[in-house]
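What follows is the content of target.txt, which has compact mmCIF, C-alpha atoms:
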```txt
# COMPACT_ATOMS: atom_id res chain seq x y z
CA MET A 1 -118.03 94.90 -88.26
CA ALA A 2 -114.46 94.50 -89.29
CA PHE A 3 -111.58 93.45 -86.87
CA THR A 4 -108.19 94.94 -87.11
CA ARG A 5 -104.75 94.19 -85.45
CA ALA A 6 -102.37 96.57 -84.03
CA THR A 7 -99.62 97.47 -86.34
CA GLY A 8 -96.37 95.64 -85.74
CA LYS A 9 -94.59 92.41 -86.56
CA HIS A 10 -96.79 89.40 -87.18
CA ARG A 11 -95.61 86.21 -85.56
CA ALA A 12 -96.44 82.65 -86.64
CA PRO A 13 -98.30 80.46 -84.18
CA SER A 14 -96.05 78.73 -81.72
CA ARG A 15 -95.31 75.03 -81.95
CA LEU A 16 -97.44 74.39 -78.87
CA THR A 17 -100.32 76.30 -80.42
CA ARG A 18 -99.94 74.30 -83.62
CA ARG A 19 -99.88 71.03 -81.74
CA SER A 20 -102.97 72.04 -79.74
CA ALA A 21 -104.79 72.90 -82.89
CA GLN A 22 -103.70 69.66 -84.48
CA ALA A 23 -105.00 67.73 -81.47
CA ALA A 24 -108.32 69.48 -81.64
CA GLY A 25 -108.58 68.67 -85.31
CA ILE A 26 -107.86 65.05 -84.69
CA ALA A 27 -110.58 64.89 -82.02
CA ALA A 28 -113.04 66.45 -84.42
CA LEU A 29 -112.18 64.00 -87.12
CA ALA A 30 -112.62 61.17 -84.70
CA THR A 31 -116.22 62.25 -84.08
CA THR A 32 -116.96 62.28 -87.78
CA GLY A 33 -115.44 58.86 -88.42
CA VAL A 34 -112.70 59.95 -90.71
CA LEU A 35 -109.81 59.44 -88.23
CA GLY A 36 -108.94 56.08 -89.59
CA SER A 37 -108.49 57.38 -93.09
CA LEU A 38 -106.46 60.40 -92.04
CA SER A 39 -104.39 59.30 -89.06
CA SER A 40 -102.47 56.43 -90.69
CA PRO A 41 -100.35 58.55 -93.03
CA ALA A 42 -99.46 60.95 -90.22
CA LEU A 43 -98.42 58.19 -87.82
CA ALA A 44 -96.45 56.49 -90.55
CA ALA A 45 -94.58 59.68 -91.19
CA ASP A 46 -93.78 60.10 -87.51
CA THR A 47 -92.59 56.50 -87.23
CA GLU A 48 -90.42 56.85 -90.30
CA ALA A 49 -88.90 60.02 -88.90
CA ALA A 50 -88.19 58.26 -85.64
CA LYS A 51 -86.59 55.42 -87.53
CA VAL A 52 -84.43 57.82 -89.51
CA ALA A 53 -83.40 59.53 -86.27
CA ASP A 54 -82.60 56.20 -84.65
CA THR A 55 -80.61 55.07 -87.66
CA GLY A 56 -78.55 58.27 -87.69
CA LEU A 57 -77.71 57.85 -84.02
CA THR A 58 -76.78 54.22 -84.53
CA GLN A 59 -74.57 55.14 -87.45
CA ALA A 60 -72.93 57.89 -85.40
CA LEU A 61 -72.35 55.52 -82.50
CA SER A 62 -71.00 52.88 -84.88
CA LEU A 63 -68.61 55.41 -86.44
CA ASP A 64 -67.49 56.55 -83.02
CA ALA A 65 -66.80 52.96 -81.97
CA THR A 66 -64.88 52.24 -85.18
CA LEU A 67 -62.81 55.41 -84.81
CA ALA A 68 -62.06 54.58 -81.18
CA GLU A 69 -60.94 51.09 -82.22
CA GLN A 70 -58.73 52.56 -84.94
CA ILE A 71 -57.20 55.03 -82.48
CA ASP A 72 -56.71 52.20 -79.97
CA ALA A 73 -55.06 50.01 -82.60
CA GLN A 74 -52.86 52.90 -83.72
CA ALA A 75 -51.85 53.60 -80.11
CA HIS A 76 -51.00 49.92 -79.58
CA ALA A 77 -49.00 49.87 -82.80
CA GLN A 78 -47.11 53.01 -81.79
CA GLN A 79 -46.44 51.52 -78.37
CA ARG A 80 -45.16 48.30 -79.94
CA GLN A 81 -42.96 50.34 -82.26
CA ALA A 82 -41.65 52.40 -79.33
CA ASP A 83 -41.00 49.21 -77.36
CA ALA A 84 -39.17 47.71 -80.33
CA VAL A 85 -37.04 50.86 -80.72
CA ALA A 86 -36.27 50.91 -76.99
CA LYS A 87 -35.37 47.20 -77.08
CA ALA A 88 -33.14 47.73 -80.11
CA LYS A 89 -31.42 50.66 -78.38
CA ALA A 90 -30.94 48.62 -75.20
CA GLU A 91 -29.52 45.69 -77.20
CA ALA A 92 -27.23 48.06 -79.13
CA ALA A 93 -26.06 49.66 -75.88
CA ALA A 94 -25.43 46.23 -74.33
CA GLU A 95 -23.54 45.14 -77.45
CA ALA A 96 -21.51 48.36 -77.38
CA ARG A 97 -20.68 47.80 -73.70
CA GLU A 98 -19.69 44.21 -74.42
CA LYS A 99 -17.49 45.33 -77.33
CA ALA A 100 -15.93 48.04 -75.17
CA ALA A 101 -15.28 45.53 -72.39
CA LYS A 102 -13.71 43.09 -74.87
CA ALA A 103 -11.62 45.88 -76.41
CA LYS A 104 -10.48 46.99 -72.95
CA ALA A 105 -9.62 43.41 -71.96
CA GLU A 106 -7.72 42.93 -75.23
CA ALA A 107 -5.86 46.22 -74.73
CA GLU A 108 -4.96 45.20 -71.18
CA ARG A 109 -3.84 41.77 -72.43
CA LYS A 110 -1.66 43.35 -75.10
CA ALA A 111 -0.27 45.88 -72.62
CA GLU A 112 0.57 43.09 -70.18
CA ALA A 113 2.12 41.02 -72.97
CA ARG A 114 4.18 44.03 -74.07
CA ALA A 115 5.20 44.74 -70.47
CA LYS A 116 6.24 41.10 -70.15
CA GLU A 117 8.24 41.37 -73.37
CA ILE A 118 9.92 44.51 -72.08
CA ARG A 119 10.73 42.81 -68.78
CA GLU A 120 12.14 39.81 -70.62
CA GLU A 121 14.15 42.08 -72.94
CA LYS A 122 15.55 43.93 -69.94
CA ALA A 123 16.37 40.64 -68.23
CA ARG A 124 18.09 39.37 -71.38
CA ALA A 125 19.98 42.64 -71.71
CA ALA A 126 21.02 42.45 -68.06
CA ARG A 127 22.21 38.86 -68.51
CA ALA A 128 24.05 39.83 -71.68
CA ALA A 129 25.63 42.77 -69.88
CA GLU A 130 26.65 40.50 -67.02
CA ARG A 131 28.11 37.97 -69.44
CA ALA A 132 29.90 40.78 -71.24
CA ARG A 133 31.20 42.06 -67.92
CA LEU A 134 32.35 38.60 -66.90
CA ASN A 135 33.87 37.92 -70.29
CA ALA A 136 35.35 41.38 -70.73
CA PHE A 137 39.03 41.78 -70.10
CA HIS A 138 40.67 44.46 -67.97
CA LEU A 139 44.17 45.80 -67.70
CA PRO A 140 45.86 44.18 -64.68
CA VAL A 141 46.53 47.68 -63.27
CA ALA A 142 43.89 50.25 -64.18
CA GLY A 143 45.15 53.22 -66.16
CA SER A 144 48.67 51.83 -66.38
CA HIS A 145 50.96 51.26 -69.36
CA VAL A 146 53.81 48.92 -70.33
CA THR A 147 57.28 50.04 -69.22
CA THR A 148 59.26 46.99 -70.34
CA GLY A 149 58.16 45.03 -73.40
CA TYR A 150 57.94 41.35 -74.17
CA ASN A 151 61.22 39.57 -75.16
CA ALA A 152 63.33 42.56 -74.12
CA GLY A 153 66.95 41.39 -73.66
CA GLY A 154 69.31 41.90 -70.74
CA SER A 155 71.18 40.36 -67.87
CA LEU A 156 68.29 40.95 -65.49
CA TRP A 157 66.60 37.78 -66.76
CA SER A 158 68.09 34.34 -66.38
CA SER A 159 66.83 33.32 -69.81
CA GLY A 160 68.40 36.40 -71.35
CA SER A 161 65.03 37.90 -72.37
CA HIS A 162 61.86 39.16 -70.73
CA SER A 163 59.16 36.45 -70.63
CA GLY A 164 56.38 38.96 -69.98
CA VAL A 165 55.75 42.71 -69.76
CA ASP A 166 56.08 45.13 -66.88
CA PHE A 167 53.21 47.52 -66.04
CA ARG A 168 53.95 50.68 -64.15
CA ALA A 169 52.46 50.35 -60.65
CA ALA A 170 53.34 52.08 -57.42
CA SER A 171 53.69 49.79 -54.43
CA GLY A 172 50.28 48.82 -53.07
CA SER A 173 48.38 49.45 -56.34
CA SER A 174 45.36 47.21 -56.95
CA VAL A 175 46.08 44.25 -59.20
CA VAL A 176 43.03 42.61 -60.85
CA ALA A 177 42.37 39.49 -62.85
CA VAL A 178 42.39 40.43 -66.52
CA GLY A 179 39.51 38.01 -67.12
CA ALA A 180 37.41 35.36 -65.38
CA GLY A 181 39.30 32.33 -64.21
CA THR A 182 40.42 29.98 -61.43
CA VAL A 183 43.47 30.36 -59.18
CA VAL A 184 45.98 27.55 -59.81
CA GLU A 185 48.94 29.10 -57.96
CA ALA A 186 49.10 31.70 -55.18
CA GLY A 187 52.33 32.14 -53.19
CA TRP A 188 56.05 32.55 -53.46
CA GLY A 189 57.39 32.09 -57.01
CA GLY A 190 61.17 32.45 -56.60
CA ALA A 191 62.44 35.22 -58.91
CA TYR A 192 58.79 36.33 -59.34
CA GLY A 193 58.42 36.92 -55.63
CA ASN A 194 54.80 36.71 -54.50
CA ASN A 195 52.88 35.62 -57.60
CA ILE A 196 49.48 34.36 -58.75
CA VAL A 197 48.70 32.16 -61.75
CA LEU A 198 45.14 31.95 -63.13
CA ARG A 199 43.64 29.45 -65.52
CA MET A 200 41.43 31.61 -67.75
CA ALA A 201 37.98 30.67 -69.06
CA ASP A 202 39.39 30.22 -72.57
CA GLY A 203 41.98 27.69 -71.34
CA THR A 204 44.96 30.02 -71.36
CA TYR A 205 46.89 31.15 -68.27
CA THR A 206 47.96 34.53 -66.86
CA GLN A 207 50.65 35.25 -64.27
CA TYR A 208 51.06 38.24 -61.90
CA GLY A 209 54.46 38.70 -60.19
CA HIS A 210 56.38 40.79 -57.64
CA LEU A 211 53.20 41.37 -55.55
CA SER A 212 53.41 42.91 -52.10
CA SER A 213 50.41 40.86 -50.98
CA ILE A 214 48.14 38.09 -52.27
CA GLY A 215 44.36 38.22 -51.81
CA VAL A 216 43.21 34.87 -53.28
CA SER A 217 43.86 31.17 -52.71
CA VAL A 218 44.28 28.13 -54.97
CA GLY A 219 40.99 26.76 -56.31
CA GLN A 220 39.16 30.05 -55.95
CA SER A 221 37.13 31.35 -58.89
CA VAL A 222 37.61 35.00 -59.77
CA SER A 223 35.69 37.31 -62.05
CA SER A 224 37.08 39.69 -64.62
CA GLY A 225 38.33 42.86 -62.94
CA GLN A 226 38.28 41.33 -59.44
CA GLN A 227 41.16 42.41 -57.21
CA ILE A 228 43.52 39.52 -56.50
CA GLY A 229 46.46 41.28 -54.85
CA LEU A 230 48.58 44.44 -54.47
CA SER A 231 51.62 45.39 -56.50
CA GLY A 232 55.10 45.51 -54.97
CA SER A 233 58.75 44.68 -55.56
CA THR A 234 59.23 41.17 -54.16
CA GLY A 235 61.56 38.62 -55.78
CA ASN A 236 64.04 39.59 -58.49
CA SER A 237 62.91 43.20 -58.90
CA THR A 238 64.57 46.60 -59.26
CA GLY A 239 61.54 48.52 -57.98
CA PRO A 240 57.75 48.43 -57.59
CA HIS A 241 55.95 47.27 -60.74
CA LEU A 242 53.72 44.41 -61.94
CA HIS A 243 55.22 41.63 -64.01
CA PHE A 244 52.47 40.15 -66.24
CA GLU A 245 52.69 37.03 -68.41
CA ALA A 246 50.31 35.18 -70.76
CA ARG A 247 50.97 31.43 -71.05
CA THR A 248 49.67 28.33 -72.74
CA THR A 249 50.32 26.28 -69.56
CA PRO A 250 50.70 27.24 -65.89
CA ASP A 251 54.46 26.71 -66.06
CA TYR A 252 57.33 29.01 -66.83
CA GLY A 253 58.60 28.74 -70.42
CA SER A 254 55.14 28.49 -72.08
CA ASP A 255 54.84 32.24 -72.43
CA MET A 256 53.30 34.11 -75.39
CA ASP A 257 53.13 37.78 -76.27
CA PRO A 258 51.03 39.32 -73.46
CA VAL A 259 50.30 42.54 -75.36
CA ALA A 260 48.93 40.61 -78.34
CA TYR A 261 46.98 38.43 -75.89
CA LEU A 262 45.35 41.43 -74.22
CA ARG A 263 44.63 43.12 -77.54
CA SER A 264 42.94 39.96 -78.81
CA HIS A 265 40.49 40.39 -75.94
CA GLY A 266 39.62 43.95 -76.88
CA LEU A 267 42.04 45.92 -74.73
CA ASN A 268 44.01 48.92 -75.95
CA VAL A 269 47.53 48.32 -74.67
```

Re-express the file's structure as structure tokens.
Amino acid sequence: MAFTRATGKHRAPSRLTRRSAQAAGIAALATTGVLGSLSSPALAADTEAAKVADTGLTQALSLDATLAEQIDAQAHAQQRQADAVAKAKAEAAAEAREKAAKAKAEAERKAEARAKEIREEKARAARAAERARLNAFHLPVAGSHVTTGYNAGGSLWSSGSHSGVDFRAASGSSVVAVGAGTVVEAGWGGAYGNNIVLRMADGTYTQYGHLSSIGVSVGQSVSSGQQIGLSGSTGNSTGPHLHFEARTTPDYGSDMDPVAYLRSHGLNV
């Protein structure tokens, strides 16, 4: 009698079925005494396969460990590099700040030195201006002019000639020292009326006559342009004016050309 299968897809025995069959075969062989000759190669194959499997796993684990170490080392190296870059940047920033601070301090020092120079220049200029003011000469009556010249002749003067010059000046006009000096005479001067004589800084003398009043005293120092009295018509005078003389000594008779004297000191007379 023949057996047939239903039509359809044939399937191979399952692994469990194969293993069961294999176990049954092994038991049968054991009863016949041939297990020893047949089992050794099979077990050897299984052991070898297990060894191969174990070796593959070990190699995989070893590779994983090596890769992890490499990644770790690379991470450490990158961190060290990042730390070095950060340190370099911090040092550069600190150096830049130090340079900026030094530059600022130097700029401030230079600015202060320049400011000091400017202050000193201004002080020198002020002193020079003061010296110039003190040494500058002024007309004895501001804005006036000469009405009677030096050495003019006539019976009005006992010597027969004019020993000085006359400046136009209404009574009570301010009379100033033409330059810095010291008062050596202040009072009545005979024909000169109320008069003042100054010893000038350059050693010469100047005389101011016919004053209505005197504002200084003997021994007093006066500056250039300082008021010393008021004009008038005292003494031998025909009307209000200022008689001005330049002398080499404080005494009458040592006169010199007062216009030339004033011009030598920068005045336009």

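The coordinates place atom CA of A:Gly253 at 10.5 Å from atom CA of A:Gly164.
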
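Between atom CA of A:Gly172 and atom CA of A:His241 there is a distance of 9.7 Å.
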
For stretch 189-201 of chain A, please output as an mmCIF file with C-alpha atoms, in the coordinates of the input all residues within 10 Å (counting all atoms listed in the file; exclusion window: fewer than 4 positions along the same chain).
```
data_model
loop_
_atom_site.group_PDB
_atom_site.id
_atom_site.type_symbol
_atom_site.label_atom_id
_atom_site.label_comp_id
_atom_site.auth_asym_id
_atom_site.auth_seq_id
_atom_site.Cartn_x
_atom_site.Cartn_y
_atom_site.Cartn_z
ATOM 1 C CA LEU A 134 32.350 38.600 -66.900
ATOM 2 C CA ASN A 135 33.870 37.920 -70.290
ATOM 3 C CA TRP A 157 66.600 37.780 -66.760
ATOM 4 C CA SER A 158 68.090 34.340 -66.380
ATOM 5 C CA ALA A 177 42.370 39.490 -62.850
ATOM 6 C CA VAL A 178 42.390 40.430 -66.520
ATOM 7 C CA GLY A 179 39.510 38.010 -67.120
ATOM 8 C CA ALA A 180 37.410 35.360 -65.380
ATOM 9 C CA GLY A 181 39.300 32.330 -64.210
ATOM 10 C CA THR A 182 40.420 29.980 -61.430
ATOM 11 C CA VAL A 183 43.470 30.360 -59.180
ATOM 12 C CA VAL A 184 45.980 27.550 -59.810
ATOM 13 C CA GLU A 185 48.940 29.100 -57.960
ATOM 14 C CA TYR A 205 46.890 31.150 -68.270
ATOM 15 C CA THR A 206 47.960 34.530 -66.860
ATOM 16 C CA GLN A 207 50.650 35.250 -64.270
ATOM 17 C CA TYR A 208 51.060 38.240 -61.900
ATOM 18 C CA GLY A 209 54.460 38.700 -60.190
ATOM 19 C CA HIS A 210 56.380 40.790 -57.640
ATOM 20 C CA LEU A 211 53.200 41.370 -55.550
ATOM 21 C CA SER A 212 53.410 42.910 -52.100
ATOM 22 C CA SER A 213 50.410 40.860 -50.980
ATOM 23 C CA ILE A 214 48.140 38.090 -52.270
ATOM 24 C CA GLY A 215 44.360 38.220 -51.810
ATOM 25 C CA VAL A 216 43.210 34.870 -53.280
ATOM 26 C CA SER A 217 43.860 31.170 -52.710
ATOM 27 C CA VAL A 218 44.280 28.130 -54.970
ATOM 28 C CA GLY A 219 40.990 26.760 -56.310
ATOM 29 C CA GLN A 220 39.160 30.050 -55.950
ATOM 30 C CA SER A 221 37.130 31.350 -58.890
ATOM 31 C CA VAL A 222 37.610 35.000 -59.770
ATOM 32 C CA SER A 223 35.690 37.310 -62.050
ATOM 33 C CA SER A 224 37.080 39.690 -64.620
ATOM 34 C CA ILE A 228 43.520 39.520 -56.500
ATOM 35 C CA GLY A 229 46.460 41.280 -54.850
ATOM 36 C CA LEU A 230 48.580 44.440 -54.470
ATOM 37 C CA SER A 231 51.620 45.390 -56.500
ATOM 38 C CA GLY A 232 55.100 45.510 -54.970
ATOM 39 C CA SER A 233 58.750 44.680 -55.560
ATOM 40 C CA THR A 234 59.230 41.170 -54.160
ATOM 41 C CA GLY A 235 61.560 38.620 -55.780
ATOM 42 C CA ASN A 236 64.040 39.590 -58.490
ATOM 43 C CA SER A 237 62.910 43.200 -58.900
ATOM 44 C CA LEU A 242 53.720 44.410 -61.940
ATOM 45 C CA HIS A 243 55.220 41.630 -64.010
ATOM 46 C CA PHE A 244 52.470 40.150 -66.240
ATOM 47 C CA GLU A 245 52.690 37.030 -68.410
ATOM 48 C CA ALA A 246 50.310 35.180 -70.760
ATOM 49 C CA ARG A 247 50.970 31.430 -71.050
ATOM 50 C CA THR A 248 49.670 28.330 -72.740
ATOM 51 C CA THR A 249 50.320 26.280 -69.560
ATOM 52 C CA PRO A 250 50.700 27.240 -65.890
ATOM 53 C CA ASP A 251 54.460 26.710 -66.060
#
```

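For the pair atom CA of A:Asn268 and atom CA of A:Phe167, the separation is 13.6 Å.
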
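Counting only C-alpha atoms and comparing A:Gln227, A:Ser161, A:Ser254, A:Thr58, the residue that lies closest to A:Pro140 is A:Gln227.
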
Between A:Val259, A:Ala103, A:Ala93, A:Ala115, single out the one closest to A:Thr147, counting all atoms listed in the file. A:Val259

Among A:Lys116, A:His138, A:Lys89, A:Arg168, A:Arg263 is approached most closely, using only C-alpha atoms, by A:His138
